[in-house]
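Data block for run16.txt (compact mmCIF, C-alpha atoms):
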# COMPACT_ATOMS: atom_id res chain seq x y z
CA MET X 1 16.33 20.87 -1.89
CA GLY X 2 19.04 18.40 -2.99
CA ASP X 3 19.05 16.51 0.34
CA VAL X 4 18.88 12.79 1.03
CA LEU X 5 16.59 11.02 3.49
CA ALA X 6 17.42 7.35 4.16
CA GLY X 7 14.70 5.03 5.38
CA ILE X 8 14.07 1.32 5.63
CA HIS X 9 14.48 -0.34 2.20
CA ALA X 10 14.78 2.98 0.33
CA THR X 11 16.47 6.38 0.12
CA TRP X 12 14.82 9.52 -1.20
CA GLU X 13 16.88 12.24 -2.86
CA PHE X 14 15.05 15.56 -3.12
CA ASP X 15 15.72 17.64 -6.24
CA SER X 16 14.21 20.94 -7.31
CA ASP X 17 11.64 19.33 -9.62
CA SER X 18 11.49 15.67 -8.58
CA VAL X 19 12.24 12.98 -6.03
CA LEU X 20 14.71 10.23 -6.91
CA ILE X 21 13.80 7.04 -5.03
CA ARG X 22 16.52 4.39 -4.75
CA PHE X 23 15.51 1.00 -3.40
CA GLU X 24 17.88 -1.25 -1.52
CA ARG X 25 18.76 -4.69 -2.76
CA GLY X 26 18.73 -7.33 -0.06
CA ILE X 27 16.92 -10.34 1.30
CA ARG X 28 14.77 -8.17 3.59
CA THR X 29 13.70 -5.73 0.90
CA PRO X 30 10.41 -6.67 -0.80
CA LYS X 31 11.25 -8.21 -4.17
CA LEU X 32 9.17 -5.69 -6.10
CA LEU X 33 11.15 -2.78 -4.68
CA SER X 34 14.46 -4.53 -5.37
CA ALA X 35 13.36 -5.17 -8.94
CA LEU X 36 12.44 -1.51 -9.47
CA GLY X 37 15.95 -0.34 -8.55
CA GLU X 38 15.28 3.38 -8.69
CA ARG X 39 12.54 5.68 -9.94
CA ARG X 40 12.42 9.42 -10.54
CA ILE X 41 9.07 10.96 -9.56
CA PRO X 42 8.40 14.49 -10.90
CA HIS X 43 6.57 16.76 -8.47
CA GLU X 44 3.78 17.18 -11.02
CA ALA X 45 3.13 13.42 -10.80
CA LEU X 46 2.11 13.74 -7.14
CA ALA X 47 -1.24 14.69 -5.64
CA ASP X 48 -0.27 14.96 -1.96
CA VAL X 49 2.30 14.05 0.70
CA THR X 50 1.37 12.56 4.07
CA LEU X 51 3.21 11.64 7.25
CA THR X 52 1.72 9.02 9.55
CA GLN X 53 2.72 6.72 12.38
CA GLY X 54 3.83 3.26 11.30
CA LYS X 55 4.37 -0.01 13.13
CA ARG X 56 6.72 -0.33 16.11
CA GLY X 57 7.25 3.41 16.48
CA THR X 58 8.24 4.08 12.86
CA VAL X 59 6.96 7.01 10.81
CA VAL X 60 5.82 6.71 7.19
CA LEU X 61 6.39 9.41 4.59
CA HIS X 62 3.98 8.74 1.74
CA ALA X 63 3.97 10.53 -1.61
CA VAL X 64 0.52 10.05 -3.14
CA PRO X 65 0.66 9.75 -6.95
CA ARG X 66 -1.92 11.36 -9.20
CA PRO X 67 -4.25 8.90 -10.94
CA GLY X 68 -2.91 8.18 -14.40
CA ALA X 69 0.59 9.52 -13.69
CA ASP X 70 2.44 6.23 -13.12
CA PRO X 71 1.97 3.13 -15.32
CA LEU X 72 3.09 0.88 -12.46
CA MET X 73 0.36 2.11 -10.11
CA ASP X 74 -2.22 2.19 -12.91
CA ALA X 75 -1.47 -1.44 -13.75
CA ALA X 76 -1.58 -2.41 -10.06
CA ALA X 77 -5.09 -0.91 -9.78
CA GLY X 78 -4.99 -0.74 -5.98
CA GLN X 79 -3.91 -4.37 -5.46
CA LEU X 80 -0.45 -3.77 -3.98
CA LYS X 81 0.24 -4.71 -0.40
CA GLU X 82 1.41 -1.84 1.80
CA SER X 83 4.94 -3.22 1.98
CA TYR X 84 5.15 -3.22 -1.85
CA ASP X 85 4.09 0.42 -2.25
CA PRO X 86 7.06 2.22 -3.86
CA TYR X 87 5.74 5.60 -2.69
CA ARG X 88 6.10 4.79 1.04
CA LEU X 89 9.28 5.60 2.94
CA VAL X 90 9.40 3.97 6.39
CA LEU X 91 11.69 5.77 8.84
CA PRO X 92 12.93 4.97 12.36
CA PRO X 93 11.46 7.04 15.22
CA GLU X 94 14.56 9.23 15.64
CA ARG X 95 14.06 10.68 12.13
CA GLU X 96 10.52 11.89 12.73
CA VAL X 97 11.53 15.57 12.95
CA LEU X 98 13.46 15.30 9.68
CA ALA X 99 10.52 13.51 8.11
CA GLU X 100 8.19 16.33 9.13
CA TYR X 101 10.50 18.89 7.53
CA TYR X 102 10.81 17.03 4.24
CA ALA X 103 7.09 16.26 4.16
CA ASP X 104 6.30 19.97 4.47
CA GLU X 105 8.87 20.96 1.84
CA LEU X 106 7.79 18.30 -0.62
CA ARG X 107 4.12 19.10 -0.06
CA ARG X 108 4.83 22.77 -0.80
CA ARG X 109 6.61 21.92 -4.04
CA VAL X 110 3.82 19.59 -5.10
CA ARG X 111 1.29 22.38 -4.59
CA GLU X 112 3.46 24.80 -6.55
CA SER X 113 3.70 22.35 -9.46
CA SER X 114 -0.08 21.87 -9.59
CA GLY X 115 -0.99 25.52 -9.07
CA ALA X 116 -3.65 26.70 -6.66
CA GLY X 117 -6.39 24.51 -8.13
CA ALA X 118 -7.38 20.98 -7.26
CA VAL X 119 -5.14 18.16 -8.48
CA GLU X 120 -6.64 16.48 -11.56
CA PRO X 121 -5.89 13.02 -12.97
CA ALA X 122 -2.91 13.11 -15.33
CA ASP X 123 -3.67 13.00 -19.06
CA ARG X 124 -0.40 11.15 -19.74
CA PHE X 125 2.15 9.13 -17.84
CA LEU X 126 4.62 11.38 -15.99
CA VAL X 127 6.70 8.60 -14.41
CA ALA X 128 8.78 6.28 -16.60
CA ALA X 129 7.72 2.66 -16.74
CA PRO X 130 10.06 0.08 -15.16
CA GLU X 131 12.69 -1.11 -17.62
CA GLY X 132 12.21 -4.82 -17.02
CA PRO X 133 11.74 -7.67 -17.02
CA LEU X 134 10.89 -8.15 -20.68
CA GLN X 135 9.68 -11.68 -20.05
CA PHE X 136 8.37 -13.84 -17.24
CA LYS X 137 7.04 -17.35 -16.73
CA ALA X 138 3.34 -17.69 -16.00
CA TYR X 139 1.56 -20.91 -15.02
CA ASP X 140 0.36 -21.72 -18.54
CA GLY X 141 2.94 -19.99 -20.71
CA ARG X 142 5.83 -17.58 -21.09
CA ALA X 143 5.09 -13.91 -21.73
CA GLY X 144 7.54 -11.77 -23.68
CA PHE X 145 7.63 -8.11 -24.67
CA ASP X 146 10.11 -6.47 -27.06
CA GLY X 147 8.67 -2.95 -26.94
CA THR X 148 6.46 -3.36 -30.01
CA GLN X 149 4.59 -6.62 -29.41
CA VAL X 150 3.63 -9.03 -26.65
CA THR X 151 4.00 -12.76 -27.15
CA PHE X 152 2.52 -15.71 -25.27
CA ARG X 153 4.18 -19.12 -25.70
CA TRP X 154 2.06 -21.86 -24.15
CA PHE X 155 3.32 -24.66 -21.89
CA TRP X 156 1.76 -28.02 -22.66
CA THR X 157 1.83 -28.83 -18.95
CA GLY X 158 -0.27 -25.80 -17.95
CA ALA X 159 -2.15 -24.34 -20.90
CA SER X 160 -5.83 -25.16 -21.36
CA SER X 161 -6.95 -27.06 -24.44
CA ALA X 162 -8.57 -23.85 -25.73
CA LYS X 163 -5.20 -22.07 -25.74
CA TRP X 164 -3.35 -25.09 -27.04
CA LYS X 165 -5.72 -25.31 -30.01
CA VAL X 166 -5.19 -21.71 -31.13
CA GLY X 167 -1.44 -21.88 -30.61
CA ASP X 168 1.12 -19.31 -29.49
CA GLN X 169 -0.02 -15.70 -29.71
CA SER X 170 1.50 -12.35 -30.74
CA PHE X 171 -0.14 -8.99 -30.04
CA PRO X 172 1.21 -5.77 -31.63
CA VAL X 173 1.04 -2.87 -29.18
CA ALA X 174 -0.98 -0.91 -31.72
CA SER X 175 -3.78 -3.51 -31.49
CA LEU X 176 -4.20 -3.07 -27.73
CA SER X 177 -6.07 -0.58 -25.55
CA GLY X 178 -4.58 -1.63 -22.22
CA VAL X 179 -3.89 -4.43 -19.77
CA GLU X 180 -5.74 -6.12 -16.93
CA TRP X 181 -3.44 -7.33 -14.14
CA ARG X 182 -4.81 -9.45 -11.33
CA SER X 183 -2.20 -9.98 -8.63
CA PRO X 184 -0.74 -13.49 -8.27
CA ASP X 185 -1.39 -13.05 -4.55
CA PHE X 186 -4.99 -13.94 -5.42
CA PHE X 187 -6.22 -17.31 -6.66
CA ASP X 188 -7.43 -15.97 -10.01
CA GLY X 189 -4.26 -13.99 -10.78
CA HIS X 190 -3.65 -13.27 -14.44
CA LEU X 191 -2.42 -10.79 -17.04
CA ARG X 192 -4.90 -10.07 -19.80
CA LEU X 193 -4.34 -7.91 -22.88
CA LEU X 194 -7.30 -5.73 -23.84
CA PRO X 195 -7.92 -5.18 -27.57
CA ARG X 196 -8.73 -1.88 -29.19
CA ASP X 197 -12.13 -1.31 -30.77
CA GLY X 198 -12.02 -2.44 -34.37
CA THR X 199 -9.49 -5.26 -33.82
CA PRO X 200 -10.62 -8.84 -34.61
CA ASP X 201 -11.14 -9.83 -30.96
CA ALA X 202 -12.99 -6.67 -29.96
CA GLY X 203 -16.60 -7.15 -30.94
CA PRO X 204 -19.33 -4.83 -29.59
CA GLY X 205 -20.10 -5.61 -25.98
CA ARG X 206 -17.45 -8.33 -25.91
CA ALA X 207 -16.93 -9.71 -22.39
CA PRO X 208 -13.76 -11.76 -21.92
CA GLY X 209 -14.16 -15.28 -20.65
CA PRO X 210 -12.13 -16.96 -17.91
CA ALA X 211 -8.44 -16.06 -18.17
CA ASP X 212 -7.39 -19.71 -18.45
CA GLN X 213 -9.54 -19.97 -21.62
CA ASP X 214 -8.60 -16.59 -23.13
CA PRO X 215 -5.67 -16.65 -25.63
CA ALA X 216 -5.09 -12.97 -24.78
CA ALA X 217 -4.28 -13.83 -21.15
CA VAL X 218 -1.77 -15.79 -19.11
CA VAL X 219 -2.71 -17.11 -15.69
CA PHE X 220 -0.56 -17.12 -12.56
CA GLY X 221 -0.10 -19.90 -10.05
CA LEU X 222 1.97 -20.83 -7.05
CA GLY X 223 5.46 -19.59 -7.91
CA TYR X 224 4.49 -18.47 -11.42
CA GLY X 225 4.12 -14.82 -12.42
CA PRO X 226 5.21 -13.28 -9.09
CA VAL X 227 4.41 -9.62 -8.45
CA HIS X 228 7.99 -8.39 -8.91
CA GLU X 229 8.09 -9.89 -12.43
CA SER X 230 4.54 -9.65 -13.75
CA LEU X 231 3.66 -6.15 -12.53
CA PRO X 232 6.66 -4.30 -14.06
CA PHE X 233 5.97 -6.25 -17.24
CA ALA X 234 2.32 -5.14 -17.23
CA ALA X 235 3.36 -1.54 -16.55
CA ALA X 236 5.82 -1.54 -19.46
CA VAL X 237 3.14 -2.85 -21.82
CA LEU X 238 0.61 -0.32 -20.53
CA ALA X 239 3.07 2.56 -21.04
CA ALA X 240 3.76 1.42 -24.61
CA VAL X 241 0.04 1.18 -25.32
CA ARG X 242 -0.65 4.64 -23.92
CA SER X 243 2.08 6.10 -26.14
CA THR X 244 0.42 4.76 -29.30
CA VAL X 245 -3.33 5.16 -28.75
CA PRO X 246 -5.58 8.18 -28.09
CA ALA X 247 -6.09 9.06 -24.42
CA ALA X 248 -9.81 8.22 -24.54
CA VAL X 249 -9.08 4.71 -25.78
CA ALA X 250 -6.26 4.25 -23.28
CA ASP X 251 -8.50 5.32 -20.39
CA ARG X 252 -10.82 2.47 -21.25
CA GLY X 253 -7.82 0.15 -21.20
CA ARG X 254 -6.60 0.82 -17.69
CA ALA X 255 -6.30 -2.14 -15.36
CA VAL X 256 -9.66 -3.19 -13.97
CA ALA X 257 -11.07 -6.09 -12.02
CA PRO X 258 -11.39 -9.19 -14.22
CA VAL X 259 -14.75 -10.09 -15.72
CA VAL X 260 -15.64 -13.76 -15.78
CA GLY X 261 -17.83 -14.89 -18.63
CA ALA X 262 -20.37 -17.66 -18.61
CA GLY X 263 -20.25 -20.88 -20.58
CA ARG X 264 -19.57 -24.59 -20.16
CA ARG X 265 -15.89 -25.50 -19.90
CA ASP X 266 -13.77 -28.47 -20.90
CA PRO X 267 -13.76 -31.14 -18.13
CA ALA X 268 -10.00 -31.57 -18.56
CA ASP X 269 -9.49 -27.88 -17.88
CA ILE X 270 -11.71 -28.05 -14.79
CA ALA X 271 -9.70 -31.01 -13.49
CA GLU X 272 -6.46 -29.09 -14.02
CA ARG X 273 -7.75 -26.06 -12.15
CA ILE X 274 -8.90 -28.25 -9.25
CA ARG X 275 -5.47 -29.90 -9.15
CA HIS X 276 -3.82 -26.48 -8.98
CA LEU X 277 -6.29 -25.39 -6.30
CA GLY X 278 -5.25 -28.45 -4.30
CA GLU X 279 -1.60 -27.36 -4.55
CA LEU X 280 -2.49 -23.96 -3.10
CA HIS X 281 -4.49 -25.65 -0.35
CA GLN X 282 -1.60 -27.95 0.58
CA ALA X 283 0.76 -24.98 0.61
CA GLY X 284 -1.47 -23.20 3.12
CA LEU X 285 -2.35 -20.38 0.73
CA VAL X 286 -6.03 -21.36 0.56
CA THR X 287 -8.14 -22.19 3.63
CA ASP X 288 -10.32 -25.29 3.93
CA ASP X 289 -13.47 -23.23 3.39
CA GLU X 290 -11.99 -21.41 0.38
CA PHE X 291 -10.86 -24.72 -1.12
CA SER X 292 -14.29 -26.30 -0.72
CA ALA X 293 -16.15 -23.26 -2.07
CA LYS X 294 -13.90 -22.80 -5.10
CA LYS X 295 -13.91 -26.52 -5.89
CA ALA X 296 -17.71 -26.54 -5.82
CA GLU X 297 -17.75 -23.45 -8.06
CA LEU X 298 -15.48 -25.15 -10.61
CA LEU X 299 -17.48 -28.38 -10.57
CA ALA X 300 -20.65 -26.38 -11.18
CA GLU X 301 -19.21 -25.21 -14.50
CA LEU X 302 -19.16 -28.76 -15.91
The structure given in the file should be rewritten as structure tokens.
Amino acid sequence: MGDVLAGIHATWEFDSDSVLIRFERGIRTPKLLSALGERRIPHEALADVTLTQGKRGTVVLHAVPRPGADPLMDAAAGQLKESYDPYRLVLPPEREVLAEYYADELRRRVRESSGAGAVEPADRFLVAAPEGPLQFKAYDGRAGFDGTQVTFRWFWTGASSAKWKVGDQSFPVASLSGVEWRSPDFFDGHLRLLPRDGTPDAGPGRAPGPADQDPAAVVFGLGYGPVHESLPFAAAVLAAVRSTVPAAVADRGRAVAPVVGAGRRDPADIAERIRHLGELHQAGLVTDDEFSAKKAELLAEL
């Protein structure tokens, strides 16, 4: 194909075996897309291509990735807002005919790459992980990744007493089975590292406790751990893990919804979480009802 289709916030370049997506950099472009820069998507990494009507007369060309083909989408685990989706190309109404043509051509090439059978989940990552950032600031600490290990350095102003007692943490990639990313757009946003079976923290039936008490997790807050920093970081870690562990182990380590464990918590930690909840409430990010319900839930843990 070799043609270029320019849309809003991104341009797609169609090659014989892949699509090169270049994202614009600007104040109107979602920060996640700006941070990604560009991504090459092999045809074999796609399951389907759709074309739908968007808002205000626009049309949306959407390349649907195969499950397990892209570490970014695996780490996101369905939590991305529509505007953050790097596989959507929004086009003005006058390009609808062009969009139909390229959708048909790309769909044909995707089917050719997968054969006549049904598209199966990928057994390995087919799209390269984002290159950065290699560190970001969370609410209770700074996370770093050098390609071989993840480090958490706690902030005395944000870290719980449980984390402060055990000290800063380092996790070799080889000791991990995956990551659990909960978007900072939600109140309980966090990044948790999941241990492999046989590592010291991976006992049989082990259920992780609250992220703010878990030394293998950093928690997000208002302005800390934003999507465009924490998600590429999580994807890079996940890709490194998948390259070093068997597929069966890695499948168990894909991003999942967080599990909250039971147990009585330190009153000082509860007070800190309520204070942070109040900040979100004052900023208009939490409604009155949500504030009251979550505060009552936290107080019940005392």
Problem set entry | Exercise: stretch 61-73 of chain X partners within 7 Å, all atoms listed in the file, chain neighbours under 3 positions left out, as a list in words | Ala45, Leu46, Ala47, Asp48, Val49, Thr50, Leu51, Thr52, Ala76, Ala77, Tyr87, Arg88, Leu89, Val90, Ala99, Ala103, Pro121, Ala122, Asp123, Arg124, Phe125, Leu126, Val127, Ala129, Pro232, Ala235, Leu238 and Ala239 of chain X
For this session: Neighbourhood query: residues within 7 Å of (1.7, 18.9, -12.7), file coordinates, counting only C-alpha atoms; return as a ChimeraX atom specification.
Result: /X:43-45,113-114
Limited to C-alpha atoms, could you put the picked residues into a file as a JSON list (two decimals), keeping the file's coordinate frame?
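Dumped to selection_29.json:
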[["chain", "number", "residue", "atom", "x", "y", "z"],
["X", 43, "HIS", "CA", 6.57, 16.76, -8.47],
["X", 44, "GLU", "CA", 3.78, 17.18, -11.02],
["X", 45, "ALA", "CA", 3.13, 13.42, -10.80],
["X", 113, "SER", "CA", 3.70, 22.35, -9.46],
["X", 114, "SER", "CA", -0.08, 21.87, -9.59]]
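Of note, atom CA of X:Glu94 and atom CA of X:Ser16 are spaced 25.8 Å apart.
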Exercise. Looking at only C-alpha atoms, which of X:Leu231, X:Ala174, X:Ala138, X:Leu36 is the one that sits closest to X:Phe155?
Worked result: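 The closest residue to X:Phe155 is X:Ala138.
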Seminar exercise, completed: Expressed in Å, the length from atom CA of X:Glu100 to atom CA of X:Arg56 is 18.1 Å
Exercise. Which one is closest to X:Arg142: X:Ser177, X:Ser83, X:Ser183, X:Ser230? Count all atoms listed in the file.
Worked result: X:Ser230
Exercise. From the set X:Gly54, X:Gly284, X:Pro215, X:Gly141, which residue has the shortest atom-to-atom contact distance to X:Leu91, counting all atoms listed in the file?
Worked result: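 Residue with the minimum atom-to-atom distance to X:Leu91: X:Gly54.
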Problem set entry | From X:Ile41, X:Val97, X:Ala128, X:Val219, residue lying nearest X:Arg182 [all atoms listed in the file] | X:Val219
For this session: Please provide the set of residues having any atom within 7 Å of X:Pro93, restricted to all atoms listed in the file, with same-chain residues fewer than 3 positions apart removed, written as an MDAnalysis selection string.
Result: chainID X and resid 57:59 96
Please, could you write that set of residues out with C-alpha atoms as a CSV table (one decimal), in the coordinates of the input?
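Listed below is the output, again33.csv:
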chain,number,residue,atom,x,y,z
X,57,GLY,CA,7.2,3.4,16.5
X,58,THR,CA,8.2,4.1,12.9
X,59,VAL,CA,7.0,7.0,10.8
X,96,GLU,CA,10.5,11.9,12.7
Problem set entry | Neighbour residues at most 12 Å from (0.7, -27.9, -8.8) (all atoms listed in the file) as a ChimeraX atom specification | /X:139-140,157-158,220-224,271-283
For this session: Write out as a ChimeraX atom specification each polymer residue whose atoms come within 10 Å of X:Gln135, counting all atoms listed in the file; drop sequence neighbours fewer than 6 positions from it.
Result: /X:142-146,150-152,225,229-230,232-233
For this session: Check the smallest atom-to-atom distance from each of X:Arg40, X:Gln53, X:Asp212, X:Leu20 to X:Ser161 using all atoms listed in the file, then report the winner.
Result: X:Asp212
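Between atom CA of X:Asp3 and atom CA of X:Glu82 the separation is 25.5 Å.
If all atoms listed in the file are the atoms counted, then among X:Glu120, X:Trp156, X:Lys31, X:Val241 the closest residue to X:Ser175 is X:Val241.
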Problem set entry | Neighbour list for X:Leu5 as a list in words, cut-off 10 Å, all atoms listed in the file, skip fewer than 2 positions in-chain |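 My reading of the contact set: Asp3, Gly7, Ala10, Thr11, Trp12, Glu13, Phe14, Ile21, Leu89, Leu91, Arg95, Leu98, Ala99 and Tyr102 of chain X.
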Can I get stretch 272-294 of chain X with N, CA and C atoms filled in, as a PDB file, in the frame of the given file?
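And here is the file that came out, part.pdb:
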ATOM      1  N   GLU X 272      -7.763 -29.722 -14.206  1.00  0.00           N
ATOM      2  CA  GLU X 272      -6.460 -29.090 -14.020  1.00  0.00           C
ATOM      3  C   GLU X 272      -6.530 -27.951 -13.023  1.00  0.00           C
ATOM      4  N   ARG X 273      -7.596 -27.168 -13.086  1.00  0.00           N
ATOM      5  CA  ARG X 273      -7.750 -26.060 -12.150  1.00  0.00           C
ATOM      6  C   ARG X 273      -7.962 -26.569 -10.722  1.00  0.00           C
ATOM      7  N   ILE X 274      -8.695 -27.670 -10.579  1.00  0.00           N
ATOM      8  CA  ILE X 274      -8.900 -28.250  -9.250  1.00  0.00           C
ATOM      9  C   ILE X 274      -7.577 -28.790  -8.702  1.00  0.00           C
ATOM     10  N   ARG X 275      -6.787 -29.408  -9.584  1.00  0.00           N
ATOM     11  CA  ARG X 275      -5.470 -29.900  -9.150  1.00  0.00           C
ATOM     12  C   ARG X 275      -4.604 -28.748  -8.648  1.00  0.00           C
ATOM     13  N   HIS X 276      -4.606 -27.641  -9.389  1.00  0.00           N
ATOM     14  CA  HIS X 276      -3.820 -26.480  -8.980  1.00  0.00           C
ATOM     15  C   HIS X 276      -4.352 -25.889  -7.678  1.00  0.00           C
ATOM     16  N   LEU X 277      -5.685 -25.868  -7.538  1.00  0.00           N
ATOM     17  CA  LEU X 277      -6.290 -25.390  -6.300  1.00  0.00           C
ATOM     18  C   LEU X 277      -5.838 -26.252  -5.123  1.00  0.00           C
ATOM     19  N   GLY X 278      -5.730 -27.558  -5.343  1.00  0.00           N
ATOM     20  CA  GLY X 278      -5.250 -28.450  -4.300  1.00  0.00           C
ATOM     21  C   GLY X 278      -3.820 -28.139  -3.890  1.00  0.00           C
ATOM     22  N   GLU X 279      -2.987 -27.737  -4.858  1.00  0.00           N
ATOM     23  CA  GLU X 279      -1.600 -27.360  -4.550  1.00  0.00           C
ATOM     24  C   GLU X 279      -1.580 -26.135  -3.635  1.00  0.00           C
ATOM     25  N   LEU X 280      -2.427 -25.163  -3.933  1.00  0.00           N
ATOM     26  CA  LEU X 280      -2.490 -23.960  -3.100  1.00  0.00           C
ATOM     27  C   LEU X 280      -2.990 -24.306  -1.704  1.00  0.00           C
ATOM     28  N   HIS X 281      -3.944 -25.228  -1.640  1.00  0.00           N
ATOM     29  CA  HIS X 281      -4.490 -25.650  -0.350  1.00  0.00           C
ATOM     30  C   HIS X 281      -3.421 -26.346   0.486  1.00  0.00           C
ATOM     31  N   GLN X 282      -2.662 -27.233  -0.121  1.00  0.00           N
ATOM     32  CA  GLN X 282      -1.600 -27.950   0.580  1.00  0.00           C
ATOM     33  C   GLN X 282      -0.502 -27.014   1.041  1.00  0.00           C
ATOM     34  N   ALA X 283      -0.274 -25.948   0.262  1.00  0.00           N
ATOM     35  CA  ALA X 283       0.760 -24.980   0.610  1.00  0.00           C
ATOM     36  C   ALA X 283       0.304 -24.000   1.687  1.00  0.00           C
ATOM     37  N   GLY X 284      -0.959 -24.085   2.091  1.00  0.00           N
ATOM     38  CA  GLY X 284      -1.470 -23.200   3.120  1.00  0.00           C
ATOM     39  C   GLY X 284      -1.896 -21.842   2.621  1.00  0.00           C
ATOM     40  N   LEU X 285      -1.978 -21.665   1.298  1.00  0.00           N
ATOM     41  CA  LEU X 285      -2.350 -20.380   0.730  1.00  0.00           C
ATOM     42  C   LEU X 285      -3.858 -20.247   0.533  1.00  0.00           C
ATOM     43  N   VAL X 286      -4.571 -21.363   0.675  1.00  0.00           N
ATOM     44  CA  VAL X 286      -6.030 -21.360   0.560  1.00  0.00           C
ATOM     45  C   VAL X 286      -6.583 -22.127   1.770  1.00  0.00           C
ATOM     46  N   THR X 287      -7.562 -21.544   2.446  1.00  0.00           N
ATOM     47  CA  THR X 287      -8.140 -22.190   3.630  1.00  0.00           C
ATOM     48  C   THR X 287      -9.032 -23.357   3.221  1.00  0.00           C
ATOM     49  N   ASP X 288      -9.428 -24.164   4.203  1.00  0.00           N
ATOM     50  CA  ASP X 288     -10.320 -25.290   3.930  1.00  0.00           C
ATOM     51  C   ASP X 288     -11.643 -24.817   3.318  1.00  0.00           C
ATOM     52  N   ASP X 289     -12.199 -23.748   3.898  1.00  0.00           N
ATOM     53  CA  ASP X 289     -13.470 -23.230   3.390  1.00  0.00           C
ATOM     54  C   ASP X 289     -13.326 -22.691   1.974  1.00  0.00           C
ATOM     55  N   GLU X 290     -12.220 -21.949   1.721  1.00  0.00           N
ATOM     56  CA  GLU X 290     -11.990 -21.410   0.380  1.00  0.00           C
ATOM     57  C   GLU X 290     -11.814 -22.537  -0.635  1.00  0.00           C
ATOM     58  N   PHE X 291     -11.088 -23.584  -0.229  1.00  0.00           N
ATOM     59  CA  PHE X 291     -10.860 -24.720  -1.120  1.00  0.00           C
ATOM     60  C   PHE X 291     -12.189 -25.384  -1.480  1.00  0.00           C
ATOM     61  N   SER X 292     -13.010 -25.628  -0.477  1.00  0.00           N
ATOM     62  CA  SER X 292     -14.290 -26.300  -0.720  1.00  0.00           C
ATOM     63  C   SER X 292     -15.203 -25.449  -1.596  1.00  0.00           C
ATOM     64  N   ALA X 293     -15.255 -24.148  -1.309  1.00  0.00           N
ATOM     65  CA  ALA X 293     -16.150 -23.260  -2.070  1.00  0.00           C
ATOM     66  C   ALA X 293     -15.702 -23.136  -3.520  1.00  0.00           C
ATOM     67  N   LYS X 294     -14.394 -22.974  -3.730  1.00  0.00           N
ATOM     68  CA  LYS X 294     -13.900 -22.800  -5.100  1.00  0.00           C
ATOM     69  C   LYS X 294     -14.012 -24.104  -5.881  1.00  0.00           C
TER      70      LYS X 294
END
